[in-house]
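Notes follow once the structure below has been shown.
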Protein chains: 4
Amino acid sequence: MNVAIIGASGYTGLELIKILINHPKFDITYIANSSGEETLEELHPCLKDVLNVKVQKADAKEISKVADLAFLALPHKTSMAFAKELLELGVKVVDLSADYRLELETYEKHYCPHEDKEHINEAVYGLPEYYKKELKEAKLVANPGCYPTASLLALLPFVDFIEEKTPIFIDAKSGVSGAGKKLSETSHFVHLNENIHAYNPFKHRHMPEIQEKVKLVKSKEFQINFVPHLLPITRGMLVSVYATLKDEIDVEKILEESYKNSKFVRIRKTPVDIKSTAGTNFCDIFVARNGKALFVNSSIDNLLRGASSQAVVNANLMCGFEEDEGIPKIAYVP
Amino acid sequence: MNVAIIGASGYTGLELIKILINHPKFDITYIANSSGEETLEELHPCLKDVLNVKVQKADAKEISKVADLAFLALPHKTSMAFAKELLELGVKVVDLSADYRLELETYEKHYCPHEDKEHINEAVYGLPEYYKKELKEAKLVANPGCYPTASLLALLPFVDFIEEKTPIFIDAKSGVSGAGKKLSETSHFVHLNENIHAYNPFKHRHMPEIQEKVKLVKSKEFQINFVPHLLPITRGMLVSVYATLKDEIDVEKILEESYKNSKFVRIRKTPVDIKSTAGTNFCDIFVARNGKALFVNSSIDNLLRGASSQAVVNANLMCGFEEDEGIPKIAYVP
Amino acid sequence: MNVAIIGASGYTGLELIKILINHPKFDITYIANSSGEETLEELHPCLKDVLNVKVQKADAKEISKVADLAFLALPHKTSMAFAKELLELGVKVVDLSADYRLELETYEKHYCPHEDKEHINEAVYGLPEYYKKELKEAKLVANPGCYPTASLLALLPFVDFIEEKTPIFIDAKSGVSGAGKKLSETSHFVHLNENIHAYNPFKHRHMPEIQEKVKLVKSKEFQINFVPHLLPITRGMLVSVYATLKDEIDVEKILEESYKNSKFVRIRKTPVDIKSTAGTNFCDIFVARNGKALFVNSSIDNLLRGASSQAVVNANLMCGFEEDEGIPKIAYVP
Amino acid sequence: MNVAIIGASGYTGLELIKILINHPKFDITYIANSSGEETLEELHPCLKDVLNVKVQKADAKEISKVADLAFLALPHKTSMAFAKELLELGVKVVDLSADYRLELETYEKHYCPHEDKEHINEAVYGLPEYYKKELKEAKLVANPGCYPTASLLALLPFVDFIEEKTPIFIDAKSGVSGAGKKLSETSHFVHLNENIHAYNPFKHRHMPEIQEKVKLVKSKEFQINFVPHLLPITRGMLVSVYATLKDEIDVEKILEESYKNSKFVRIRKTPVDIKSTAGTNFCDIFVARNGKALFVNSSIDNLLRGASSQAVVNANLMCGFEEDEGIPKIAYVP
């Protein structure tokens, strides 16, 4: 099946290319970025002698002629305008931006006015463990944010057992690649090296995404209190969920049961680390309890399970392929 | 005033030496380690042309002849045997180990049988913001653990306002130097680089230290749930306290009030980072609230405020000097 | 074709497993380490849900029943004893240790007495760009050291043009994984983080390996002066060769010509970096000239091109497969 | 003595402030940057509760009223315009830019037309080990570049013994702070982390500075071939000089003799590392020889010995103080 990658300059665009080059079912027939003036090798010198094609300036009509599905690795707002056009031309879309992740009202409150109200309601949230059936029928998939992916996979199994009206705290730590390629004080080497700090505590836009999905999946409303941190590492994400349980239950058993059929969630007997998942689509989860105090601890690769490899899993499902077809499972370790 | 440093080989011993070399009131007259076979320059090549003396094999009687106060940077258990001897010889002691930090029962539950029951009750807990008066009279000071220092300074101002019976969560992150100089898989470069992971969640021995001190200082009992992490950096510590408030109070004001007279606590308007305190005795604190959900965020240098510089502050107080005499205030930044 | 991996506990053993899991022509039928008591998942938690088999205690006879070729990722000296046995049982061997890399006299001078004089002379040096023909006929391949791989690929094209009797300097920098998994002061995180230093200048055992191969391949004798450094990164290697040319020649052209048919050497127009090759079998090379002063600059992944992926390239050649069959080409970047 | 710091926003400005706060002889009476709109605490949050003064917009006349000496931590070209004005007003100047480091012709070839031809010839090159006498009389000191400082201190003792007409190679590695605070692709965390690469090989502007000073100090002309690298660390610099000796001389003895009276050069018996000098004004040097091949290896803190602390040493000399008055000698280690 022929696919297009729109937004090839950034980190998630590059990761999409790296996965799809070796994918047994998808062929990349179109690659685009905003300028359309460089070759792939100029954009990503690591691809020299691996894949070198002209990178186009994205054109929906051209895409519809050569691809059945498009991955959009574009900024918020840019993405919805483009997705709309592609969907109308009959091209399936996996959108890696935030544009279709939220309900209209939530989106407009936290981002901007929405420009594709026609499709926002039919978008499926691309968290395969909880939306597999819908994904198999989907024409438009909203790929989850990196923090929501790791947070929801850790939290959802326990939602029914958490004391209502108590706050849930999520302390999340991400590698710098999550902040993208653009230059900023925060991503200056000297600023972050030998350092770590929280940013936007209780105010990050992934907080309403987590809160809304908990409500949609579990029909329960909780106050999610989300505090993200930037780590002095390139890739990887560690999430710690802290909550108060109603009873002193067997948390290991609940976790095992929840994911016994999942190919990409691994239950760990010791606290998870970033290295075991970096380079893969796995989400590793560990759980511990102290009386009624709950600690759920998950690890993902922010650029893969938090973006590009999860996007390809979603594309696999949309196209009727096996979920794990061509998906990276081997960590970069050591 | 003449001082001795016992335990010169490790990181905290080195930091003590570095501070005391330039201290205007203390003179180092005795330096010891367990072998007594090397020079200081052999132990710490960075001290070449700065200070080079023979490092002794520690002998309490000899120390009592040349020093009025001794800093013990020794392992647990070794420390109490030695402190006992020194105290009996009339030498004041600042003990950097855990041996005198806890009440007898708590200590024996989490460490080992105590061998100096004579002095354990007269030891003063060396957190100057809360024990200044007692420190001025003390002959034996138990220097707090690094995690308890950062956790208590963040938590104590809010204890009276936290909903009783709700768990308090502390997510703490430390640089690797906190694990000491000895070789272990955990401190292997390849293991920790580009990585981060929790260890001993809900089981670290600093958890009862925090819990006990909250009770002693504030006469309130809380379930403290402590989860430490190892960071891929050399020094520094970041602590996040998550708790549920009784009411939607003005947390910034409470924090400001609590430390308005403190020379070594700085209140920050944005989340704290590790770099601003690394190299100093400062504890930086930031606070935020989301409804009744509380986030208190503190940063210290684990080897200085979490060990050696706090020990010298305590010695200053014990000897009637100004609290900040000779104490490092200038961060290594950038 | 069935293959065995002997020495599965270390970094190079793990990398062999990671490559061979997805190799289209080789099947792993036997994995061993020295204890034979763990599962693969216990040795390498990152392999959970990827590959989990019992790791055997190595037994040559058993191997000969289930495998046609064995990769030996063993320490020097251990390796030759084992290789000898396997070769006598008709199993092809790719040896990743130093045991068969050197001529007998050179080996015994720099390592220890040799225990397999029968086979040392028939071993082929596994640098495919210079020994391809011999590798296709080989039963025993000595996989080159990491430093010699990067140094020789940079240096050999220019040997004929370098002023005789002038010293050649090689300033090499390696990630810490090159020092292996065993604990040592040098690999302690605190020692190496924010640091870099040379070690064994002019005395490293890879120096005679480079010198001998220059002589064997080019029939020229030079004084190679080799200074390795340890970098505060996990994997990757950068080598800088400095030499004096006889004439002011077109060095770019010579380099291009030398590797125009090579699938795994990429000529770069700007100084090479480590990230573009980490995760791959590529060697990237850049060259510059200032009058008669020559600078050749190469980059490899020390665990892959410097060990495991080069071993699989050699196995491909020994078995009549395409050189690049199943060999990693996609860098971990970013 | 009253001093001014002009250019307080950057890394070297901050380091100047940090040194001068505690200097026993100098008082900071004026701090300026280009905007003059922030407080010191806003520019450098680490200085909260340490020093907080209004940062001025630099004005030469105002400075001449309150300071006897000014440190200029300004960009090239900006610096000479300002220095000129100050010198005419009778203020002594230590200039940290390149503007007065070179002879006129060399400067204009590698930088830009010079705007202060009046003073360029009277500037003294601020490398105290080789210009101490002149520095004591100087009104204008050109503080050396970081690479030239480490390179010249390593190279100069051996210049008389190096084979003429053979190229000298300098392989230098610097922490990222050397590239300054401004945002660039090169200083993006993701670009440099787990990476290292050369830049401007044979073309860096510190190459003519080294070459010219060798000629001036030793009256010998050599072809210096300089290759700088960027390291994934914040501060520190390691320099390796490779050259061909005329004879197999006792290099350790030559080195010891050269610096036996120097307070800030330490001779090491093993290869130098970055950590032992980071935080200090020391230059550590190690030397090794292999036949006639010479390896001289030096380490400095690029922001201190390579800039700010060397500037204060120069100011000490200019003002008749002890060379090491108030100069940092205690490394940040570990």
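As shown in the structure tokens, the chain order sets the letters A, B, ...; within each chain, residues go from 1, and ligands are also counted from 1 in the order they appear.
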
Distance cut-off 9 Å, counting only C-alpha atoms - which residues of chain A neighbour chain B? Return them as a CSV table (one decimal) with C-alpha atoms, in the first residue's frame.
chain,number,residue,atom,x,y,z
A,166,THR,CA,-9.1,12.8,45.3
A,167,PRO,CA,-6.7,14.4,43.0
A,168,ILE,CA,-4.5,12.3,40.7
A,169,PHE,CA,-1.0,13.5,40.2
A,171,ASP,CA,4.8,13.6,37.3
A,175,GLY,CA,13.8,13.8,26.7
A,190,VAL,CA,24.2,24.5,28.3
A,191,HIS,CA,20.8,25.2,29.7
A,192,LEU,CA,19.7,21.6,30.0
A,193,ASN,CA,22.9,19.6,30.5
A,194,GLU,CA,23.4,18.6,34.1
A,195,ASN,CA,19.9,20.0,34.8
A,196,ILE,CA,16.3,19.1,35.1
A,197,HIS,CA,13.2,21.2,35.7
A,198,ALA,CA,9.5,21.2,35.6
A,199,TYR,CA,7.6,23.4,33.0
A,200,ASN,CA,4.0,24.6,32.8
A,201,PRO,CA,3.0,22.7,36.0
A,202,PHE,CA,-0.8,22.2,36.0
A,223,GLN,CA,-9.0,16.1,38.6
A,225,ASN,CA,-2.8,17.3,38.0
A,227,VAL,CA,3.5,18.3,35.9
A,231,LEU,CA,15.4,15.7,31.1
A,232,PRO,CA,18.9,16.1,29.9
A,233,ILE,CA,18.6,13.2,27.5
A,234,THR,CA,17.6,13.0,23.9
A,235,ARG,CA,14.7,10.6,23.8
A,236,GLY,CA,12.5,8.7,26.1
A,237,MET,CA,9.8,9.4,28.6
A,238,LEU,CA,9.1,8.3,32.1
A,240,SER,CA,4.7,8.4,37.4
A,242,TYR,CA,0.3,8.9,42.0
A,243,ALA,CA,-3.3,8.3,43.3
A,244,THR,CA,-5.3,7.2,46.3
A,270,THR,CA,10.9,-3.6,38.9
A,271,PRO,CA,10.6,0.2,38.2
A,272,VAL,CA,10.8,0.8,34.5
A,273,ASP,CA,13.6,2.6,32.8
A,274,ILE,CA,13.9,4.6,29.6
A,275,LYS,CA,16.5,2.6,27.9
A,288,ALA,CA,3.5,-0.5,43.5
A,289,ARG,CA,1.2,0.2,46.4
A,290,ASN,CA,1.7,1.5,49.9
A,292,LYS,CA,-4.0,2.9,49.6
A,293,ALA,CA,-1.3,5.0,48.0
A,295,PHE,CA,2.3,4.4,42.1
A,297,ASN,CA,5.2,4.0,36.5
A,334,PRO,CA,23.0,-0.1,25.6

Could you pull the residues within 6 Å of range 113-123 of chain D, counting only C-alpha atoms, minus those fewer than 3 positions along the same chain, as a list of chain:residue names?
D:Tyr100, D:Glu108, D:Leu140, D:Val141

Name the residues in contact with Glu15 in chain B at a cut-off of 9 Å, using only C-alpha atoms, excluding same-chain residues fewer than 2 positions from it; report them as a list in words.
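Within the cut-off, the hits are Gly10, Tyr11, Thr12, Gly13, Ile17, Lys18, Ile19, Leu20, Leu303, Leu304, Ala307, Ser308 and Ser309 of chain B; Val333 and Pro334 of chain D.
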
Can you tell me which residues surround Ala142 in chain C at a distance of at most 6 Å, considering only C-alpha atoms, apart from same-chain residues fewer than 6 positions away, and format the answer as JSON, numbers by chain?
{"C": [95, 100, 101, 124, 125, 126]}

Write the residues you've just listed into a file as a tab-separated table (two decimals), in the first residue's frame, and include N, CA, C and O atoms for each of them.
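This went into again06.tsv:
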chain	number	residue	atom	x	y	z
C	95	ASP	N	35.47	-14.65	15.05
C	95	ASP	CA	35.96	-14.39	16.41
C	95	ASP	C	36.07	-12.90	16.65
C	95	ASP	O	36.85	-12.21	15.99
C	100	TYR	N	42.95	-13.85	16.99
C	100	TYR	CA	43.47	-14.22	15.67
C	100	TYR	C	43.76	-13.01	14.79
C	100	TYR	O	43.93	-13.13	13.59
C	101	ARG	N	43.77	-11.82	15.41
C	101	ARG	CA	43.92	-10.60	14.59
C	101	ARG	C	45.35	-10.34	14.13
C	101	ARG	O	45.57	-9.63	13.15
C	124	VAL	N	41.49	-14.99	8.56
C	124	VAL	CA	41.43	-13.83	7.66
C	124	VAL	C	41.00	-12.61	8.49
C	124	VAL	O	40.08	-12.71	9.32
C	125	TYR	N	41.67	-11.49	8.26
C	125	TYR	CA	41.34	-10.26	8.98
C	125	TYR	C	40.06	-9.67	8.40
C	125	TYR	O	40.00	-9.33	7.21
C	126	GLY	N	39.07	-9.52	9.24
C	126	GLY	CA	37.73	-9.21	8.75
C	126	GLY	C	37.43	-7.75	8.46
C	126	GLY	O	36.41	-7.23	8.93

Could you tell me, as a count of residues only, which residues of range 67-207 of chain B DSSP assigns to strand (DSSP E) when given the backbone?
22

Residue contacts of range 147-154 of chain B (8 Å, only C-alpha atoms) excluding same-chain residues fewer than 6 positions away, as a PyMOL selection string:
chain B and resi 127+170+172+206-207+209-210+213-214+237-241+283+285+296-300+302+305-306

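CA of Glu134 in chain B to CA of Ala60 in chain B spans 25.5 Å [interatomic distance, one decimal].
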
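The protein and nucleic acid residues lying at most 6 Å from range 30-38 of chain B are B:Ala4, B:Ile5, B:Ile6, B:Gly7, B:Ala8, B:Val55, B:Gln56, B:Lys57, B:Ala58, with only C-alpha atoms considered and sequence neighbours fewer than 6 positions away removed.
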
Output all heavy atoms of each residue in that selection to a file, as a PDB file, in the first residue's frame.
ATOM      1  N   ALA B   4      38.593  18.640  62.557  1.00  0.00           N
ATOM      2  CA  ALA B   4      39.067  17.419  61.911  1.00  0.00           C
ATOM      3  C   ALA B   4      38.019  16.927  60.917  1.00  0.00           C
ATOM      4  O   ALA B   4      36.826  17.123  61.131  1.00  0.00           O
ATOM      5  CB  ALA B   4      39.311  16.351  62.972  1.00  0.00           C
ATOM      6  N   ILE B   5      38.507  16.320  59.841  1.00  0.00           N
ATOM      7  CA  ILE B   5      37.605  15.695  58.870  1.00  0.00           C
ATOM      8  C   ILE B   5      37.933  14.208  58.831  1.00  0.00           C
ATOM      9  O   ILE B   5      39.045  13.824  58.474  1.00  0.00           O
ATOM     10  CB  ILE B   5      37.792  16.313  57.464  1.00  0.00           C
ATOM     11  CG1 ILE B   5      37.432  17.799  57.493  1.00  0.00           C
ATOM     12  CG2 ILE B   5      36.937  15.577  56.441  1.00  0.00           C
ATOM     13  CD1 ILE B   5      37.868  18.545  56.241  1.00  0.00           C
ATOM     14  N   ILE B   6      36.964  13.397  59.219  1.00  0.00           N
ATOM     15  CA  ILE B   6      37.190  11.951  59.258  1.00  0.00           C
ATOM     16  C   ILE B   6      36.362  11.319  58.139  1.00  0.00           C
ATOM     17  O   ILE B   6      35.135  11.439  58.130  1.00  0.00           O
ATOM     18  CB  ILE B   6      36.767  11.358  60.624  1.00  0.00           C
ATOM     19  CG1 ILE B   6      37.251  12.244  61.779  1.00  0.00           C
ATOM     20  CG2 ILE B   6      37.257   9.922  60.776  1.00  0.00           C
ATOM     21  CD1 ILE B   6      38.740  12.502  61.809  1.00  0.00           C
ATOM     22  N   GLY B   7      37.038  10.671  57.220  1.00  0.00           N
ATOM     23  CA  GLY B   7      36.355  10.116  56.046  1.00  0.00           C
ATOM     24  C   GLY B   7      36.612  11.006  54.862  1.00  0.00           C
ATOM     25  O   GLY B   7      35.692  11.576  54.288  1.00  0.00           O
ATOM     26  N   ALA B   8      37.875  11.100  54.456  1.00  0.00           N
ATOM     27  CA  ALA B   8      38.258  12.080  53.449  1.00  0.00           C
ATOM     28  C   ALA B   8      38.231  11.524  52.030  1.00  0.00           C
ATOM     29  O   ALA B   8      38.444  12.248  51.077  1.00  0.00           O
ATOM     30  CB  ALA B   8      39.659  12.608  53.752  1.00  0.00           C
ATOM     31  N   VAL B  55      47.218  12.002  54.873  1.00  0.00           N
ATOM     32  CA  VAL B  55      45.924  11.626  55.436  1.00  0.00           C
ATOM     33  C   VAL B  55      46.171  10.547  56.484  1.00  0.00           C
ATOM     34  O   VAL B  55      46.823   9.544  56.208  1.00  0.00           O
ATOM     35  CB  VAL B  55      44.992  11.121  54.314  1.00  0.00           C
ATOM     36  CG1 VAL B  55      43.659  10.674  54.894  1.00  0.00           C
ATOM     37  CG2 VAL B  55      44.782  12.225  53.274  1.00  0.00           C
ATOM     38  N   GLN B  56      45.698  10.809  57.706  1.00  0.00           N
ATOM     39  CA  GLN B  56      45.946   9.888  58.827  1.00  0.00           C
ATOM     40  C   GLN B  56      44.987   8.705  58.816  1.00  0.00           C
ATOM     41  O   GLN B  56      43.958   8.745  58.168  1.00  0.00           O
ATOM     42  CB  GLN B  56      45.691  10.620  60.160  1.00  0.00           C
ATOM     43  CG  GLN B  56      46.156  12.029  60.237  1.00  0.00           C
ATOM     44  CD  GLN B  56      47.620  12.084  60.580  1.00  0.00           C
ATOM     45  OE1 GLN B  56      48.103  11.259  61.335  1.00  0.00           O
ATOM     46  NE2 GLN B  56      48.340  13.023  59.999  1.00  0.00           N
ATOM     47  N   LYS B  57      45.345   7.710  59.602  1.00  0.00           N
ATOM     48  CA  LYS B  57      44.365   6.689  59.988  1.00  0.00           C
ATOM     49  C   LYS B  57      43.703   7.243  61.255  1.00  0.00           C
ATOM     50  O   LYS B  57      44.386   7.625  62.203  1.00  0.00           O
ATOM     51  CB  LYS B  57      45.095   5.380  60.280  1.00  0.00           C
ATOM     52  CG  LYS B  57      44.199   4.167  60.339  1.00  0.00           C
ATOM     53  CD  LYS B  57      45.046   2.890  60.290  1.00  0.00           C
ATOM     54  CE  LYS B  57      44.277   1.721  60.903  1.00  0.00           C
ATOM     55  NZ  LYS B  57      43.085   1.374  60.094  1.00  0.00           N
ATOM     56  N   ALA B  58      42.376   7.315  61.241  1.00  0.00           N
ATOM     57  CA  ALA B  58      41.667   8.050  62.289  1.00  0.00           C
ATOM     58  C   ALA B  58      41.939   7.500  63.684  1.00  0.00           C
ATOM     59  O   ALA B  58      41.848   6.292  63.924  1.00  0.00           O
ATOM     60  CB  ALA B  58      40.167   8.028  62.005  1.00  0.00           C
TER      61      ALA B  58
END

Enter the distance from CA of Asn143 in chain A to CA of Glu257 in chain A, in Å, rounded to one decimal.
25.1 Å

Kindly indicate which residue among A:Ser64, A:Leu72, A:Ser219, A:Ser9 lies nearest to Glu88 in chain A, using only C-alpha atoms for the distances.
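Using only C-alpha atoms, Glu88 in chain A sits closest to A:Ser64.
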
Give me, as a PyMOL selection string, the residues of range 34-151 of chain D that a backbone DSSP run labels alpha helix (DSSP H).
chain D and resi 40-43+60-66+78-88+104-110+117-120+128-137+146-151

Residues just named, written with N, CA and C atoms as a short mmCIF file (atom, residue, chain, number, x, y, z; two decimals), in the first residue's frame:
data_model
loop_
_atom_site.label_atom_id
_atom_site.label_comp_id
_atom_site.auth_asym_id
_atom_site.auth_seq_id
_atom_site.Cartn_x
_atom_site.Cartn_y
_atom_site.Cartn_z
N LEU D 40 20.54 42.21 37.63
CA LEU D 40 21.45 41.09 37.55
C LEU D 40 20.73 39.77 37.81
N GLU D 41 19.80 39.80 38.74
CA GLU D 41 19.06 38.58 39.07
C GLU D 41 18.19 38.11 37.90
N GLU D 42 17.68 39.06 37.13
CA GLU D 42 16.91 38.66 35.96
C GLU D 42 17.81 38.03 34.89
N LEU D 43 19.00 38.60 34.74
CA LEU D 43 19.95 38.04 33.77
C LEU D 43 20.45 36.67 34.20
N ALA D 60 31.00 55.11 28.73
CA ALA D 60 32.43 55.21 29.06
C ALA D 60 32.69 56.31 30.10
N LYS D 61 32.05 57.44 29.91
CA LYS D 61 32.30 58.55 30.86
C LYS D 61 31.89 58.18 32.26
N GLU D 62 30.70 57.58 32.38
CA GLU D 62 30.24 57.16 33.70
C GLU D 62 31.22 56.17 34.33
N ILE D 63 31.69 55.24 33.50
CA ILE D 63 32.63 54.23 34.00
C ILE D 63 33.88 54.90 34.54
N SER D 64 34.38 55.88 33.77
CA SER D 64 35.64 56.52 34.18
C SER D 64 35.51 57.24 35.52
N LYS D 65 34.27 57.56 35.89
CA LYS D 65 34.05 58.23 37.19
C LYS D 65 34.11 57.25 38.36
N VAL D 66 33.73 55.99 38.09
CA VAL D 66 33.59 55.06 39.23
C VAL D 66 34.55 53.87 39.20
N THR D 78 32.76 45.38 18.54
CA THR D 78 32.14 46.23 19.55
C THR D 78 33.19 46.62 20.60
N SER D 79 34.03 45.67 20.88
CA SER D 79 34.97 45.84 21.98
C SER D 79 35.97 46.96 21.71
N MET D 80 36.55 46.98 20.51
CA MET D 80 37.62 47.97 20.29
C MET D 80 37.11 49.40 20.32
N ALA D 81 35.88 49.61 19.83
CA ALA D 81 35.32 50.96 19.87
C ALA D 81 35.21 51.43 21.32
N PHE D 82 34.80 50.53 22.16
CA PHE D 82 34.60 50.87 23.55
C PHE D 82 35.91 51.00 24.32
N ALA D 83 36.83 50.09 24.03
CA ALA D 83 38.14 50.11 24.70
C ALA D 83 38.85 51.44 24.44
N LYS D 84 38.80 51.84 23.20
CA LYS D 84 39.45 53.09 22.79
C LYS D 84 38.99 54.26 23.65
N GLU D 85 37.68 54.38 23.79
CA GLU D 85 37.10 55.45 24.58
C GLU D 85 37.57 55.39 26.04
N LEU D 86 37.56 54.19 26.60
CA LEU D 86 37.96 54.03 28.00
C LEU D 86 39.43 54.39 28.20
N LEU D 87 40.27 53.92 27.30
CA LEU D 87 41.70 54.18 27.43
C LEU D 87 41.99 55.67 27.39
N GLU D 88 41.26 56.36 26.51
CA GLU D 88 41.45 57.81 26.41
C GLU D 88 41.01 58.53 27.68
N LEU D 104 48.28 43.87 13.73
CA LEU D 104 47.26 44.51 12.89
C LEU D 104 46.95 43.72 11.62
N GLU D 105 47.99 43.35 10.92
CA GLU D 105 47.79 42.68 9.64
C GLU D 105 47.06 41.34 9.81
N THR D 106 47.50 40.59 10.80
CA THR D 106 46.86 39.29 11.06
C THR D 106 45.40 39.50 11.42
N TYR D 107 45.14 40.49 12.27
CA TYR D 107 43.76 40.75 12.68
C TYR D 107 42.88 41.08 11.48
N GLU D 108 43.36 41.98 10.67
CA GLU D 108 42.51 42.43 9.56
C GLU D 108 42.30 41.33 8.53
N LYS D 109 43.25 40.44 8.43
CA LYS D 109 43.09 39.32 7.50
C LYS D 109 42.00 38.35 7.98
N HIS D 110 41.96 38.12 9.29
CA HIS D 110 41.07 37.08 9.79
C HIS D 110 39.78 37.61 10.41
N LYS D 117 43.68 51.68 15.79
CA LYS D 117 45.09 51.45 15.45
C LYS D 117 46.03 52.14 16.43
N GLU D 118 45.49 53.11 17.13
CA GLU D 118 46.28 53.82 18.12
C GLU D 118 46.76 52.90 19.24
N HIS D 119 45.87 52.03 19.69
CA HIS D 119 46.20 51.22 20.88
C HIS D 119 46.62 49.79 20.57
N ILE D 120 46.33 49.30 19.37
CA ILE D 120 46.57 47.87 19.12
C ILE D 120 48.03 47.49 19.38
N PRO D 128 50.02 35.05 31.23
CA PRO D 128 50.95 35.49 32.28
C PRO D 128 52.26 34.72 32.30
N GLU D 129 52.25 33.43 31.98
CA GLU D 129 53.48 32.64 32.05
C GLU D 129 54.54 33.18 31.09
N TYR D 130 54.14 33.88 30.05
CA TYR D 130 55.11 34.33 29.05
C TYR D 130 55.21 35.85 28.93
N TYR D 131 54.29 36.57 29.55
CA TYR D 131 54.30 38.04 29.42
C TYR D 131 54.17 38.73 30.77
N LYS D 132 54.65 38.11 31.84
CA LYS D 132 54.40 38.67 33.16
C LYS D 132 54.97 40.08 33.32
N LYS D 133 56.18 40.26 32.89
CA LYS D 133 56.83 41.55 33.05
C LYS D 133 56.05 42.65 32.34
N GLU D 134 55.68 42.38 31.09
CA GLU D 134 54.93 43.38 30.32
C GLU D 134 53.55 43.65 30.94
N LEU D 135 52.95 42.60 31.48
CA LEU D 135 51.60 42.77 32.05
C LEU D 135 51.61 43.72 33.24
N LYS D 136 52.71 43.70 33.98
CA LYS D 136 52.79 44.58 35.15
C LYS D 136 52.79 46.06 34.78
N GLU D 137 53.15 46.34 33.55
CA GLU D 137 53.20 47.74 33.08
C GLU D 137 52.01 48.09 32.19
N CYS D 146 40.56 30.97 24.26
CA CYS D 146 40.61 29.77 25.09
C CYS D 146 41.50 28.71 24.45
N TYR D 147 41.30 28.44 23.15
CA TYR D 147 42.15 27.45 22.49
C TYR D 147 43.62 27.86 22.50
N PRO D 148 43.95 29.11 22.15
CA PRO D 148 45.36 29.50 22.20
C PRO D 148 45.96 29.36 23.61
N THR D 149 45.20 29.68 24.65
CA THR D 149 45.74 29.54 26.01
C THR D 149 46.20 28.10 26.25
N ALA D 150 45.30 27.15 26.02
CA ALA D 150 45.64 25.75 26.30
C ALA D 150 46.70 25.22 25.33
N SER D 151 46.65 25.69 24.09
CA SER D 151 47.60 25.20 23.08
C SER D 151 49.00 25.75 23.32
#
